Amino acid sequence: MLILELFQGIYTLFLTEPAIAFARLGLVAVGFLFVYLSYKKILEPLIMLPLGIGMIAVNGGLMVMEAETLQLGNLFLNPLASNVEEVMYYLQIDFLQPVYTFTFSNGLIACLVFMGIGAITDIDILLAKPFMSLFLAICAELGTIVTLPIAIAMGLMPNEAASIALVGGADGPMVLYGSIMLARDLFVPITVVAYVYLGVCYAGYPFLARIIPRRLRAIEMDWHTIPQVSAGAKFAFAVATCGFLCILFPVAAPLFASFFVGLAIKEAKVLRFIEFLSGPLLYGSTFFLGFTLGALLGVDIILNPKVAILLILGVVALTLSGLGGIIGGLIYRKITKEPFNPLIGIAAVSCVPTTAKVAQKCAAAVNKKAMILPFAMGPCVAGVITTAIITGIYITGFRPGGVFFSLFGG
Amino acid sequence: MVLKSFAFALIAYGIAMLIALCVALIIKGIALIVQRGGKSTAAKSAQQKS
């Protein structure tokens with residue numbers, strides 16, 4: 001046993017209960033699986049590759065921190081450090097603790113990612129066809145709405161239920177921000193569930209799209225008819241909508257401000273800022289988001305019995321949102337009676353630009369001439385806005401002493 | 001609690017719809033202002049030329 005003490009990762013396997021030791025090994029295996037699937041581009045490598053490596057390292061790298069008490073820990077971070085002394089201690093010991101303390105616990109990392117997303121988002125179609133885009137986006141929020149009572153029926157607290165329901169909005173940074181605000185204890189598994197499922201969306205939604213009759217999936221749309229939108233109109237939209245939404249939902253104002261400042265900078269053509277936001281800031285934040293989430297996925301998080309419920313609810317939320325988008329597409333086609341491919345409804349499940357690409361992929365599979373991607377980007381971006389609106393409502397409703405409790409006394 | 005949360009979810013959906021409609025109206029309003037601005041600019045430049 002003495003020689004094993006040299007190799008603390010193995011030694012600690014024998015110090016813990018067998019169930020925990022096996023769970024650790026299982027998580028290392030899942031980490032390897034994530035890395036492999038990211039390498040094969042089945043999962044989104046920008047997030048899942050650093051996340052997988054973080055998972056492997058943190059579960060493999062468990063060590064004895066105090067020899068006398070046999071207290072176990074790692075040199076990555078301690079999310080449970082709460083008082084100032086503890087935080088200061090771990091800031092000097094754990095290498096990811098500064099990233100966690102200064103960017104995760106206050107939601108900054110989600111806002112940084114959102115600034116970058118704003119700086120690369122094309123809103124031409126949203127502005128050219130606002131009613132179509134926002135109607136489909138609202139329909140595609142079905143999962144975000146219906147999952148809330150389902151989650152409470154499955155035994156989650158209202159704030160936890162609201163956090164997992166946000167997965168239906170299919171927007172990773174939004175889920176992260178919402179869960180930090182509402183259910184800090186569960187924000188790691190909820191965010192990981194969101195990102196894993198968003199990665200799987202690309203493979204899963206084409207099956208869901210098959211409920212649309214083949215002849216409708218093959219409808220061609222003339223994207224040359226889309227009216228031009230001036231840069232001034234796009235800039236004015238970013239500033240006006242930001243002000244409007246911030247006044248309505250101050251609790252989600254950091255998210256709105258981050259997204260729309262990116263958008264405004266893009267439309268104002270401030271090239272130096274665009275380069276910074278869409279490059280180093282976006283990808284740097286995404287990298288540290290993935291890596292730190294992986295490092296947070298220790299065995300104690302996964303052994304929480306609520307994780308199994310979260311896994312089920314994540315699928316329910318995203319499936320219902322996809323269905324809502326499809327139903328919205330079919331309704332819109334009926335109402336307008338213009339040549340409209342209902343697959344565009346799937347793009348309204350936010351997740352820029354993955355779902356728009358899925359819609360195009362499904363259309364091209366039945367008709368190579370069907371070019372719907374330019375139209376699909378409108379509902380896709382509108383989906384970010386509607387998800388942000390519902391995030392604002394949920395945070396306002398379900399934070400301690402929120403509107404939900406005042407209304408219903410729950 | 002399930003029924004209460006269902007009621008709240010429906011209210012939230014209704015509010016989200018209203019706000020989305022407002023956002024769409026903001027977009028239409030901006031488009032209208034930009035269009036008018038463009039027309040008046042064009043008229044001014046035409047006057048200057050004449």
# chains A, B, ... in the order shown; residues from 1 in each chain; ligands from 1
>>> closest_atom_pairs(of="region 93-135 of chain A", to="region 235-239 of chain A", cutoff="12 Å", atoms="only C-alpha atoms", output="Markdown table")
| residue | atom | partner | partner_atom | distance |
| --- | --- | --- | --- | --- |
| A:Gly118 | CA | A:Ala238 | CA | 9.7 |
| A:Ala119 | CA | A:Ala238 | CA | 11.3 |
| A:Thr121 | CA | A:Ala238 | CA | 11.4 |
| A:Asp122 | CA | A:Ala238 | CA | 11.7 |
| A:Ile123 | CA | A:Ala238 | CA | 9.6 |
| A:Asp124 | CA | A:Phe237 | CA | 11.0 |
| A:Leu126 | CA | A:Phe237 | CA | 10.4 |
| A:Leu127 | CA | A:Phe237 | CA | 8.3 |
| A:Ala128 | CA | A:Phe237 | CA | 11.8 |
| A:Pro130 | CA | A:Phe237 | CA | 11.3 |
>>> residues_around(residues="region 13-19 of chain A", least_positions_apart="3", cutoff="10 Å", atoms="only C-alpha atoms", output="PyMOL selection string")
chain A and resi 1+4+8-10+22-25+60+62-64+70-72+303
>>> interface_residues(of="chain B", to="chain A", cutoff="9 Å", atoms="only C-alpha atoms", output="ChimeraX atom specification")
/B:1-10,12-13,15-17,19-21,23-28,30-31,33-34
>>> select_by_dssp(residues="region 113-258 of chain A", states="helix (DSSP H, G or I)", output="JSON, numbers by chain")
{"A": [113, 114, 115, 116, 117, 118, 119, 120, 124, 125, 126, 127, 128, 130, 131, 132, 133, 134, 135, 136, 137, 138, 139, 142, 143, 144, 145, 146, 147, 148, 149, 150, 151, 152, 153, 158, 159, 160, 161, 162, 163, 164, 165, 166, 167, 168, 169, 172, 173, 174, 175, 176, 177, 178, 179, 180, 181, 182, 184, 185, 186, 187, 188, 189, 190, 191, 192, 193, 194, 195, 196, 197, 198, 199, 200, 201, 202, 203, 204, 205, 206, 207, 208, 209, 214, 215, 216, 217, 223, 224, 225, 231, 232, 233, 234, 235, 236, 237, 238, 239, 240, 241, 242, 243, 244, 245, 246, 247, 248, 250, 251, 252, 253, 254, 255, 256, 257, 258]}
>>> residues_around(residues="Glu275 (chain A)", least_positions_apart="6", cutoff="10 Å", atoms="only C-alpha atoms", output="PyMOL selection string")
chain A and resi 116+119-120+266+281-282
>>> write_last_selection(atoms="N, CA and C atoms", output="PDB file, in the first residue's frame")
ATOM      1  N   GLY A 116     -19.636  37.695 -27.707  1.00  0.00           N
ATOM      2  CA  GLY A 116     -19.044  37.139 -28.927  1.00  0.00           C
ATOM      3  C   GLY A 116     -20.108  36.672 -29.900  1.00  0.00           C
ATOM      4  N   ALA A 119     -21.596  39.503 -31.696  1.00  0.00           N
ATOM      5  CA  ALA A 119     -20.709  40.081 -32.720  1.00  0.00           C
ATOM      6  C   ALA A 119     -20.641  39.250 -34.004  1.00  0.00           C
ATOM      7  N   ILE A 120     -21.146  38.008 -33.961  1.00  0.00           N
ATOM      8  CA  ILE A 120     -21.104  37.196 -35.191  1.00  0.00           C
ATOM      9  C   ILE A 120     -22.510  36.900 -35.722  1.00  0.00           C
ATOM     10  N   LYS A 266     -21.082  45.115 -34.063  1.00  0.00           N
ATOM     11  CA  LYS A 266     -20.999  44.528 -35.411  1.00  0.00           C
ATOM     12  C   LYS A 266     -21.622  45.479 -36.430  1.00  0.00           C
ATOM     13  N   LEU A 281     -12.158  36.804 -27.467  1.00  0.00           N
ATOM     14  CA  LEU A 281     -13.115  36.793 -26.354  1.00  0.00           C
ATOM     15  C   LEU A 281     -14.063  35.603 -26.448  1.00  0.00           C
ATOM     16  N   LEU A 282     -14.673  35.418 -27.628  1.00  0.00           N
ATOM     17  CA  LEU A 282     -15.650  34.333 -27.789  1.00  0.00           C
ATOM     18  C   LEU A 282     -14.990  32.968 -27.594  1.00  0.00           C
TER      19      LEU A 282
END
